[in-house]
$ cat target28.tsv   # TSV, C-alpha atoms
chain	number	residue	atom	x	y	z
A	1	MET	CA	0.00	0.00	0.00
A	2	VAL	CA	1.39	3.39	-0.98
A	3	LYS	CA	1.49	5.94	1.82
A	4	THR	CA	0.15	9.34	0.86
A	5	SER	CA	0.17	12.67	2.69
A	6	LEU	CA	-2.84	14.98	2.95
A	7	LEU	CA	-1.23	17.16	0.25
A	8	SER	CA	-0.81	14.14	-2.02
A	9	LEU	CA	-4.44	13.17	-1.51
A	10	PHE	CA	-5.53	16.69	-2.44
A	11	LEU	CA	-3.38	16.73	-5.56
A	12	LEU	CA	-4.58	13.30	-6.59
A	13	ALA	CA	-8.19	14.39	-6.17
A	14	PHE	CA	-7.50	17.50	-8.28
A	15	SER	CA	-5.93	15.45	-11.07
A	16	THR	CA	-8.88	13.07	-11.31
A	17	VAL	CA	-12.18	14.56	-10.18
A	18	SER	CA	-11.82	17.95	-11.87
A	19	PHE	CA	-11.31	16.38	-15.27
A	20	GLY	CA	-14.69	14.64	-15.34
A	21	GLN	CA	-13.28	11.24	-16.26
A	22	ASN	CA	-15.36	8.14	-16.94
A	23	ASN	CA	-14.79	4.56	-15.87
A	24	ALA	CA	-12.78	3.67	-18.97
A	25	MET	CA	-10.36	6.50	-18.30
A	26	ASP	CA	-10.09	5.62	-14.62
A	27	GLU	CA	-9.21	2.05	-15.52
A	28	ALA	CA	-6.56	3.21	-17.97
A	29	PHE	CA	-5.05	5.59	-15.42
A	30	ASP	CA	-5.03	2.87	-12.76
A	31	SER	CA	-3.29	0.47	-15.13
A	32	PHE	CA	-0.75	3.13	-16.11
A	33	SER	CA	-0.02	3.96	-12.46
A	34	HIS	CA	0.36	0.29	-11.57
A	35	LEU	CA	3.14	-0.15	-14.13
A	36	TYR	CA	5.32	2.33	-12.22
A	37	GLU	CA	4.19	1.40	-8.72
A	38	GLU	CA	5.31	-2.13	-9.55
A	39	ARG	CA	8.66	-0.88	-10.86
A	40	PHE	CA	9.52	1.69	-8.20
A	41	GLY	CA	7.64	0.33	-5.20
A	42	GLN	CA	6.21	3.74	-4.39
A	43	ILE	CA	4.41	6.41	-6.38
A	44	ARG	CA	3.01	9.75	-5.30
A	45	ALA	CA	0.96	12.59	-6.68
A	46	CYS	CA	2.97	15.14	-8.64
A	47	MET	CA	3.48	18.56	-7.09
A	48	ASN	CA	2.19	20.67	-9.98
A	49	PRO	CA	-0.79	18.94	-11.58
A	50	THR	CA	-2.18	20.48	-14.74
A	51	PHE	CA	-5.46	20.21	-16.56
A	52	GLN	CA	-5.89	17.19	-18.87
A	53	ARG	CA	-2.56	15.68	-17.82
A	54	PHE	CA	-2.29	12.54	-15.72
A	55	SER	CA	1.27	12.02	-14.44
A	56	VAL	CA	2.78	9.32	-12.23
A	57	CYS	CA	5.51	10.64	-9.94
A	58	SER	CA	7.76	8.76	-7.53
A	59	PRO	CA	10.51	9.46	-4.98
A	60	ALA	CA	12.69	7.25	-7.19
A	61	LEU	CA	12.67	9.83	-10.01
A	62	ARG	CA	15.17	12.65	-10.43
A	63	ASN	CA	12.29	15.13	-10.48
A	64	ASP	CA	8.64	15.30	-11.53
A	65	GLY	CA	9.65	16.38	-15.03
A	66	ASN	CA	10.94	12.85	-15.63
A	67	ALA	CA	7.55	11.30	-14.84
A	68	PRO	CA	5.49	9.32	-17.34
A	69	TYR	CA	2.21	10.97	-18.29
A	70	ILE	CA	-0.96	10.86	-20.32
A	71	LEU	CA	-2.39	13.93	-22.06
A	72	HIS	CA	-6.11	13.30	-22.34
A	73	HIS	CA	-9.54	14.78	-23.04
A	74	GLY	CA	-11.37	13.16	-20.14
A	75	LYS	CA	-12.78	10.38	-22.32
A	76	PRO	CA	-11.71	7.89	-24.99
A	77	VAL	CA	-11.34	9.56	-28.39
A	78	ASP	CA	-10.95	8.32	-31.95
A	79	THR	CA	-7.13	8.25	-31.87
A	80	VAL	CA	-4.56	7.55	-29.17
A	81	VAL	CA	-0.83	8.03	-29.72
A	82	VAL	CA	1.94	6.32	-27.75
A	83	LEU	CA	5.25	8.22	-27.80
A	84	LEU	CA	8.39	6.69	-26.30
A	85	HIS	CA	11.46	8.77	-25.43
A	86	GLY	CA	15.09	8.01	-26.27
A	87	LEU	CA	18.11	6.48	-24.58
A	88	SER	CA	19.30	8.37	-21.47
A	89	ASP	CA	16.50	10.95	-21.61
A	90	SER	CA	12.91	11.05	-20.32
A	91	PRO	CA	9.26	11.72	-21.24
A	92	PHE	CA	10.06	15.43	-21.10
A	93	TYR	CA	11.67	15.09	-24.53
A	94	MET	CA	8.35	14.12	-26.10
A	95	SER	CA	6.46	17.05	-24.56
A	96	GLY	CA	6.47	19.38	-27.58
A	97	ILE	CA	5.22	16.71	-29.98
A	98	ALA	CA	2.79	15.26	-27.42
A	99	ARG	CA	1.24	18.67	-26.77
A	100	ALA	CA	0.78	19.32	-30.49
A	101	LEU	CA	-0.96	15.96	-30.98
A	102	HIS	CA	-3.14	16.53	-27.91
A	103	ASP	CA	-4.17	19.91	-29.31
A	104	LYS	CA	-5.44	18.07	-32.40
A	105	GLY	CA	-7.83	16.09	-30.22
A	106	TYR	CA	-5.83	12.93	-29.57
A	107	ASN	CA	-5.11	11.23	-26.27
A	108	VAL	CA	-1.34	10.82	-25.91
A	109	ILE	CA	0.51	8.32	-23.72
A	110	VAL	CA	4.16	9.09	-22.92
A	111	PRO	CA	5.71	6.22	-20.91
A	112	LEU	CA	8.95	6.15	-18.93
A	113	ASN	CA	11.24	3.46	-20.28
A	114	VAL	CA	13.03	1.05	-17.95
A	115	GLY	CA	16.22	2.48	-16.44
A	116	HIS	CA	15.39	6.12	-17.19
A	117	GLY	CA	14.59	9.28	-15.25
A	118	GLN	CA	15.82	7.80	-11.97
A	119	LEU	CA	18.03	8.98	-9.15
A	120	ASP	CA	19.79	5.60	-9.19
A	121	ALA	CA	19.84	3.71	-12.49
A	122	SER	CA	22.98	1.56	-12.15
A	123	ASP	CA	21.19	-1.76	-11.72
A	124	GLU	CA	18.76	-1.22	-14.59
A	125	MET	CA	21.34	0.16	-17.01
A	126	SER	CA	23.54	-2.92	-16.51
A	127	ASP	CA	20.73	-5.49	-16.59
A	128	SER	CA	21.54	-8.30	-19.02
A	129	LYS	CA	17.86	-8.36	-20.01
A	130	LEU	CA	17.50	-4.61	-20.43
A	131	ALA	CA	16.38	-4.72	-24.08
A	132	GLU	CA	13.82	-7.40	-23.21
A	133	ARG	CA	12.51	-5.26	-20.36
A	134	TRP	CA	12.19	-2.28	-22.72
A	135	GLY	CA	10.09	-4.38	-25.05
A	136	ALA	CA	7.99	-5.83	-22.23
A	137	HIS	CA	7.21	-2.36	-20.87
A	138	LEU	CA	6.12	-1.16	-24.29
A	139	ASN	CA	3.92	-4.26	-24.61
A	140	ASP	CA	2.22	-3.33	-21.33
A	141	VAL	CA	1.63	0.25	-22.45
A	142	MET	CA	0.27	-0.84	-25.81
A	143	ALA	CA	-2.13	-3.22	-24.04
A	144	LEU	CA	-3.81	-0.32	-22.24
A	145	ALA	CA	-3.74	2.13	-25.16
A	146	PRO	CA	-7.04	0.90	-26.74
A	147	GLN	CA	-8.85	2.03	-23.59
A	148	LEU	CA	-8.05	5.61	-24.61
A	149	GLY	CA	-8.77	5.53	-28.33
A	150	LYS	CA	-10.07	3.45	-31.19
A	151	HIS	CA	-7.08	3.93	-33.52
A	152	VAL	CA	-3.61	3.45	-32.05
A	153	TYR	CA	-0.48	5.16	-33.40
A	154	LEU	CA	2.96	4.31	-32.05
A	155	GLY	CA	6.24	6.16	-32.25
A	156	GLY	CA	9.05	7.87	-30.48
A	157	PHE	CA	12.39	9.56	-30.47
A	158	SER	CA	15.68	7.75	-31.18
A	159	THR	CA	15.63	4.48	-29.19
A	160	GLY	CA	11.90	5.01	-28.72
A	161	GLY	CA	11.56	4.95	-32.50
A	162	ALA	CA	13.59	1.73	-32.80
A	163	LEU	CA	11.49	0.04	-30.12
A	164	SER	CA	8.32	1.20	-31.90
A	165	VAL	CA	9.39	-0.40	-35.17
A	166	GLN	CA	10.45	-3.58	-33.38
A	167	HIS	CA	7.08	-3.76	-31.62
A	168	TYR	CA	5.19	-3.22	-34.87
A	169	LEU	CA	7.13	-5.94	-36.71
A	170	HIS	CA	6.24	-8.44	-33.97
A	171	HIS	CA	2.69	-7.15	-33.26
A	172	PRO	CA	1.39	-5.47	-36.44
A	173	ASP	CA	-2.33	-6.07	-36.07
A	174	ASN	CA	-3.35	-3.35	-33.62
A	175	ILE	CA	-1.23	-0.41	-34.85
A	176	ASP	CA	-2.62	2.12	-37.33
A	177	GLY	CA	0.58	4.06	-37.97
A	178	LEU	CA	4.18	4.80	-36.93
A	179	MET	CA	5.87	8.13	-36.23
A	180	LEU	CA	9.65	8.30	-35.81
A	181	PHE	CA	11.83	11.23	-34.78
A	182	SER	CA	15.58	10.70	-35.20
A	183	GLY	CA	14.70	7.01	-35.23
A	184	ALA	CA	17.65	4.86	-34.14
A	185	LEU	CA	17.63	2.22	-36.88
A	186	ALA	CA	21.35	2.65	-37.54
A	187	LEU	CA	24.25	3.75	-35.33
A	188	ASP	CA	27.66	5.19	-36.02
A	189	SER	CA	29.66	2.59	-37.99
A	190	GLY	CA	32.32	2.39	-35.27
A	191	VAL	CA	29.70	1.64	-32.63
A	192	GLU	CA	28.09	-0.99	-34.82
A	193	ARG	CA	31.45	-2.74	-35.38
A	194	LEU	CA	32.23	-2.60	-31.68
A	195	SER	CA	28.92	-4.24	-30.79
A	196	GLY	CA	29.97	-7.39	-32.65
A	197	ILE	CA	33.05	-8.05	-30.50
A	198	TRP	CA	32.74	-11.08	-28.21
A	199	GLY	CA	32.57	-10.15	-24.52
A	200	ILE	CA	32.05	-6.44	-25.21
A	201	GLN	CA	28.99	-6.40	-22.92
A	202	TRP	CA	31.15	-7.35	-19.93
A	203	VAL	CA	33.67	-4.66	-20.83
A	204	ALA	CA	30.87	-2.10	-21.15
A	205	ARG	CA	29.50	-2.91	-17.71
A	206	PHE	CA	32.99	-2.53	-16.23
A	207	LEU	CA	33.53	0.82	-17.93
A	208	ASP	CA	30.12	2.13	-16.89
A	209	GLY	CA	30.78	1.37	-13.21
A	210	HIS	CA	28.33	3.23	-11.01
A	211	TYR	CA	26.16	5.02	-13.55
A	212	GLU	CA	25.95	8.74	-12.91
A	213	THR	CA	22.46	10.18	-13.36
A	214	GLN	CA	22.96	13.79	-12.23
A	215	GLY	CA	24.23	16.36	-14.69
A	216	PRO	CA	23.57	19.70	-16.40
A	217	ASN	CA	20.23	18.61	-17.89
A	218	PRO	CA	17.49	17.79	-15.33
A	219	TYR	CA	15.65	15.63	-17.87
A	220	LYS	CA	18.53	13.66	-19.39
A	221	TYR	CA	21.43	11.66	-17.97
A	222	PRO	CA	24.85	13.26	-18.54
A	223	THR	CA	26.12	10.27	-20.56
A	224	ILE	CA	24.75	7.20	-22.31
A	225	ALA	CA	25.64	4.00	-20.49
A	226	SER	CA	27.88	1.95	-22.80
A	227	PHE	CA	25.99	-1.23	-21.97
A	228	SER	CA	22.62	0.31	-22.78
A	229	GLY	CA	23.96	1.36	-26.17
A	230	LEU	CA	24.78	-2.29	-26.87
A	231	GLU	CA	21.26	-3.23	-25.82
A	232	LEU	CA	19.94	-0.72	-28.35
A	233	MET	CA	22.07	-2.44	-30.98
A	234	GLU	CA	20.27	-5.69	-30.13
A	235	VAL	CA	16.96	-3.98	-30.91
A	236	ILE	CA	18.31	-2.66	-34.22
A	237	ASP	CA	19.66	-6.09	-35.15
A	238	ASP	CA	16.27	-7.64	-34.43
A	239	VAL	CA	14.58	-5.08	-36.70
A	240	ARG	CA	17.06	-5.90	-39.46
A	241	ASP	CA	16.46	-9.61	-38.98
A	242	GLN	CA	12.72	-9.10	-39.37
A	243	PHE	CA	13.27	-7.19	-42.59
A	244	GLU	CA	15.62	-9.88	-43.91
A	245	GLN	CA	12.84	-12.38	-43.29
A	246	GLY	CA	10.71	-10.39	-45.72
A	247	LYS	CA	8.56	-8.37	-43.35
A	248	THR	CA	7.39	-4.96	-44.49
A	249	VAL	CA	5.76	-1.94	-42.86
A	250	ASP	CA	2.15	-1.92	-44.02
A	251	VAL	CA	0.87	1.08	-42.06
A	252	PRO	CA	1.46	4.80	-42.71
A	253	VAL	CA	4.84	6.08	-41.50
A	254	PHE	CA	5.90	9.59	-40.50
A	255	ALA	CA	9.64	10.04	-40.10
A	256	ALA	CA	11.63	13.18	-39.26
A	257	HIS	CA	15.41	13.05	-39.38
A	258	SER	CA	18.38	15.36	-39.68
A	259	GLN	CA	20.88	14.66	-42.46
A	260	ALA	CA	23.56	15.99	-40.08
A	261	ASP	CA	22.76	13.31	-37.48
A	262	THR	CA	25.94	11.33	-36.79
A	263	THR	CA	24.51	9.50	-33.78
A	264	THR	CA	21.80	7.68	-35.73
A	265	PRO	CA	22.61	8.05	-39.44
A	266	ILE	CA	19.65	8.72	-41.69
A	267	THR	CA	20.44	5.57	-43.71
A	268	GLY	CA	18.52	3.48	-41.18
A	269	ILE	CA	15.34	5.46	-41.75
A	270	GLU	CA	15.87	5.50	-45.50
A	271	ASP	CA	15.95	1.70	-45.42
A	272	LEU	CA	12.76	1.62	-43.35
A	273	MET	CA	10.95	3.95	-45.73
A	274	SER	CA	11.92	1.75	-48.66
A	275	ARG	CA	10.06	-1.09	-46.92
A	276	ALA	CA	6.93	0.97	-46.17
A	277	THR	CA	4.20	-0.22	-48.52
A	278	THR	CA	1.47	2.41	-48.10
A	279	LYS	CA	1.28	5.65	-50.06
A	280	THR	CA	0.41	7.64	-46.94
A	281	ASN	CA	4.00	8.16	-45.78
A	282	THR	CA	5.82	11.38	-44.93
A	283	PHE	CA	9.62	11.71	-44.72
A	284	PHE	CA	10.52	15.09	-43.22
A	285	ILE	CA	14.22	15.47	-44.00
A	286	ILE	CA	16.11	18.29	-42.29
A	287	ASP	CA	18.86	19.40	-44.65
A	288	GLU	CA	22.45	18.96	-43.57
A	289	SER	CA	23.00	22.71	-43.89
A	290	TYR	CA	21.04	23.22	-40.66
A	291	LYS	CA	23.65	21.15	-38.78
A	292	LEU	CA	20.87	19.96	-36.49
A	293	CYS	CA	22.06	17.53	-33.83
A	294	HIS	CA	20.40	14.19	-33.17
A	295	ALA	CA	18.62	15.08	-29.91
A	296	ASP	CA	17.51	18.53	-31.05
A	297	VAL	CA	15.00	17.31	-33.65
A	298	VAL	CA	12.31	16.98	-30.95
A	299	VAL	CA	13.18	20.18	-29.04
A	300	ASN	CA	11.26	23.43	-29.46
A	301	LYS	CA	12.03	26.83	-27.94
A	302	LYS	CA	9.77	26.37	-24.93
A	303	MET	CA	11.36	23.04	-24.07
A	304	LEU	CA	14.81	24.54	-24.40
A	305	SER	CA	13.85	27.28	-21.97
A	306	ASP	CA	12.27	24.81	-19.54
A	307	MET	CA	15.43	22.68	-19.44
A	308	HIS	CA	17.46	25.32	-17.60
A	309	PHE	CA	20.52	23.58	-19.01
A	310	ASP	CA	23.74	24.36	-17.14
A	311	LYS	CA	26.36	25.06	-19.81
A	312	SER	CA	29.15	25.68	-17.29
A	313	GLY	CA	30.11	22.02	-17.04
A	314	VAL	CA	30.19	21.05	-20.74
A	315	ASP	CA	32.73	21.43	-23.53
A	316	LEU	CA	31.04	23.85	-25.91
A	317	ARG	CA	33.58	23.08	-28.61
A	318	ASP	CA	31.37	20.07	-29.29
A	319	PRO	CA	28.47	21.55	-31.29
A	320	CYS	CA	26.07	18.99	-29.80
A	321	ALA	CA	27.22	19.27	-26.18
A	322	ALA	CA	24.46	21.73	-25.29
A	323	PRO	CA	20.86	21.31	-26.45
A	324	GLY	CA	19.37	23.55	-29.11
A	325	ALA	CA	15.91	24.06	-30.57
A	326	ASN	CA	14.94	22.63	-33.94
A	327	PRO	CA	14.51	25.68	-36.21
A	328	LEU	CA	12.04	23.67	-38.30
A	329	PHE	CA	10.02	22.34	-35.36
A	330	ARG	CA	6.85	24.21	-36.35
A	331	GLN	CA	7.07	23.00	-39.95
A	332	MET	CA	7.68	19.45	-38.71
A	333	ILE	CA	4.56	19.59	-36.56
A	334	MET	CA	2.52	20.96	-39.46
A	335	MET	CA	3.67	18.05	-41.63
A	336	LEU	CA	2.89	15.61	-38.81
A	337	GLY	CA	-0.61	17.06	-38.52
A	338	SER	CA	-1.17	16.71	-42.26
A	339	PHE	CA	0.10	13.14	-42.10
A	340	MET	CA	-2.36	12.27	-39.33
A	341	ASP	CA	-5.24	13.92	-41.20
A	342	GLU	CA	-4.47	12.02	-44.39
A	343	ALA	CA	-4.00	8.72	-42.57
A	344	ALA	CA	-7.33	9.19	-40.79
A	345	GLN	CA	-9.07	10.00	-44.09
A	346	LYS	CA	-7.63	6.89	-45.76
A	347	ALA	CA	-8.65	4.76	-42.76
A	348	GLY	CA	-12.11	6.11	-43.38
$ encode --input "target28.tsv" --output "structure tokens"
Amino acid sequence: MVKTSLLSLFLLAFSTVSFGQNNAMDEAFDSFSHLYEERFGQIRACMNPTFQRFSVCSPALRNDGNAPYILHHGKPVDTVVVLLHGLSDSPFYMSGIARALHDKGYNVIVPLNVGHGQLDASDEMSDSKLAERWGAHLNDVMALAPQLGKHVYLGGFSTGGALSVQHYLHHPDNIDGLMLFSGALALDSGVERLSGIWGIQWVARFLDGHYETQGPNPYKYPTIASFSGLELMEVIDDVRDQFEQGKTVDVPVFAAHSQADTTTPITGIEDLMSRATTKTNTFFIIDESYKLCHADVVVNKKMLSDMHFDKSGVDLRDPCAAPGANPLFRQMIMMLGSFMDEAAQKAG
């Protein structure tokens, strides 16, 4: 039983009663909360609840901004979107896209992936079954998604995009579309070669040591755990294996990617798009001349301001050391909206 203070009870009441939810929504929120109560052992009401946002906070998290959440309309709607964040970051990174989709009338689920957003993540980020746990968590979230909407779209940023494609290839029947932002379907060639070395997982765990979670960005770990990067490579390899077996992507796909991305080269997404069979696909390519870094594709100006990033401790000679806003974020969202409208029209 979770212990709650009088303040927590008040906040919890505010976040549920004032939204006029129905039983279906209550059941979905209960299921969503249970996922994280089971993982962390304790959850609590968030300190700053907002209208039409259901968040699950915990003392185990770095701060409430790392909490998983659902943006909703108080009832099931025609379309629900699941958006999964990337490696080393948190649901905060999906907030700009999630808000734009919510404004279009969709319910939006933004989960917290295993090993992320925590004060102490050493055990999770060195778990030999980490990739399997990522997939299992996404399975659980996708199981509750139909309670919030008739049509289910799945996507995410970076690793979240890779996990979305992997999930679709194994469970294609209940997904109406994919949306990928800097989707990690290929990694730097040096990293990919390194991942094939026997025993490299053991070496990675040793090098990671006690994984540091505190850094200049309150919503992202200061580094990517080497072992977790190898686990991501397992996901990518599984996607490639599925494609080699002849599987295709038979639902509409939206993909946004920077040509200047050296972390997850655009070639991985180009290969995916070549295997997408529908005509309702959108590939939003950000020209190399913008020099837009991998993580910045999903960042808008408001998010950049809300990060309160501390630049004093980073080497600014690295152009991607400090976050920046995507100068084409608004255009990307407009194209995403058009994609969703067209997909809905084709679905009929």
$ residues_near_point --input "target28.tsv" --point "(16.8, 6.7, -14.6)" --cutoff "10 Å" --atoms "all atoms listed in the file" --output "list in words"
Ala60, Leu61, Arg62, Asn66, Ser88, Asp89, Ser90, Leu112, Asn113, Val114, Gly115, His116, Gly117, Gln118, Leu119, Asp120, Ala121, Ser122, Asp123, Glu124, Met125, Tyr211, Glu212, Thr213, Gln214, Tyr219, Lys220 and Tyr221 of chain A
$ closest_residue --input "target28.tsv" --among "A:Ser33, A:Ser158, A:Ser228, A:Asn139" --to "Phe181 (chain A)" --atoms "only C-alpha atoms"
A:Ser158
$ closest_residue --input "target28.tsv" --among "A:Ala204, A:Ala321, A:Leu272, A:Leu292" --to "Pro216 (chain A)" --atoms "all atoms listed in the file"
A:Ala321
$ atom_distance --input "target28.tsv" --atom1 "CA of Gly196 (chain A)" --atom2 "CA of Glu231 (chain A)"
11.8 Å
$ closest_residue --input "target28.tsv" --among "A:His102, A:Val81, A:Phe227, A:Pro146" --to "Ser128 (chain A)" --atoms "all atoms listed in the file"
A:Phe227
$ residues_near_point --input "target28.tsv" --point "(6.2, 19.1, -44.6)" --cutoff "9 Å" --atoms "only C-alpha atoms" --output "short mmCIF file (atom, residue, chain, number, x, y, z; two decimals) with C-alpha atoms, in the frame of the given file"
data_model
loop_
_atom_site.label_atom_id
_atom_site.label_comp_id
_atom_site.auth_asym_id
_atom_site.auth_seq_id
_atom_site.Cartn_x
_atom_site.Cartn_y
_atom_site.Cartn_z
CA THR A 282 5.82 11.38 -44.93
CA PHE A 283 9.62 11.71 -44.72
CA PHE A 284 10.52 15.09 -43.22
CA ILE A 285 14.22 15.47 -44.00
CA GLN A 331 7.07 23.00 -39.95
CA MET A 332 7.68 19.45 -38.71
CA ILE A 333 4.56 19.59 -36.56
CA MET A 334 2.52 20.96 -39.46
CA MET A 335 3.67 18.05 -41.63
CA LEU A 336 2.89 15.61 -38.81
CA SER A 338 -1.17 16.71 -42.26
CA PHE A 339 0.10 13.14 -42.10
#
$ atom_distance --input "target28.tsv" --atom1 "CA of Ala343 (chain A)" --atom2 "CA of Leu178 (chain A)"
10.7 Å
$ closest_atom_pairs --input "target28.tsv" --of "region 211-309 of chain A" --to "region 166-169 of chain A" --cutoff "12 Å" --atoms "only C-alpha atoms" --output "Markdown table"
| residue | atom | partner | partner_atom | distance |
| --- | --- | --- | --- | --- |
| A:Leu232 | CA | A:Gln166 | CA | 11.1 |
| A:Met233 | CA | A:Gln166 | CA | 11.9 |
| A:Glu234 | CA | A:Gln166 | CA | 10.6 |
| A:Val235 | CA | A:Gln166 | CA | 7.0 |
| A:Ile236 | CA | A:Gln166 | CA | 8.0 |
| A:Asp237 | CA | A:Gln166 | CA | 9.7 |
| A:Asp238 | CA | A:Gln166 | CA | 7.2 |
| A:Val239 | CA | A:Gln166 | CA | 5.5 |
| A:Arg240 | CA | A:Gln166 | CA | 9.3 |
| A:Asp241 | CA | A:Gln166 | CA | 10.2 |
| A:Gln242 | CA | A:Leu169 | CA | 7.0 |
| A:Phe243 | CA | A:Leu169 | CA | 8.6 |
| A:Glu244 | CA | A:Leu169 | CA | 11.8 |
| A:Gln245 | CA | A:Leu169 | CA | 10.8 |
| A:Gly246 | CA | A:Leu169 | CA | 10.7 |
| A:Lys247 | CA | A:Leu169 | CA | 7.2 |
| A:Thr248 | CA | A:Leu169 | CA | 7.8 |
| A:Val249 | CA | A:Leu169 | CA | 7.5 |
| A:Asp250 | CA | A:Leu169 | CA | 9.7 |
| A:Val251 | CA | A:Tyr168 | CA | 9.4 |
| A:Pro252 | CA | A:Tyr168 | CA | 11.8 |
| A:Val253 | CA | A:Tyr168 | CA | 11.4 |
| A:Leu272 | CA | A:Gln166 | CA | 11.5 |
| A:Arg275 | CA | A:Leu169 | CA | 11.7 |
| A:Ala276 | CA | A:Leu169 | CA | 11.7 |
$ residues_around --input "target28.tsv" --residues "Thr262 (chain A)" --least-positions-apart "5" --cutoff "8 Å" --atoms "only C-alpha atoms" --output "ChimeraX atom specification"
/A:187-188,293-294
$ closest_residue --input "target28.tsv" --among "A:Asp306, A:Asp26, A:Glu132, A:Asp287" --to "Phe92 (chain A)" --atoms "all atoms listed in the file"
A:Asp306
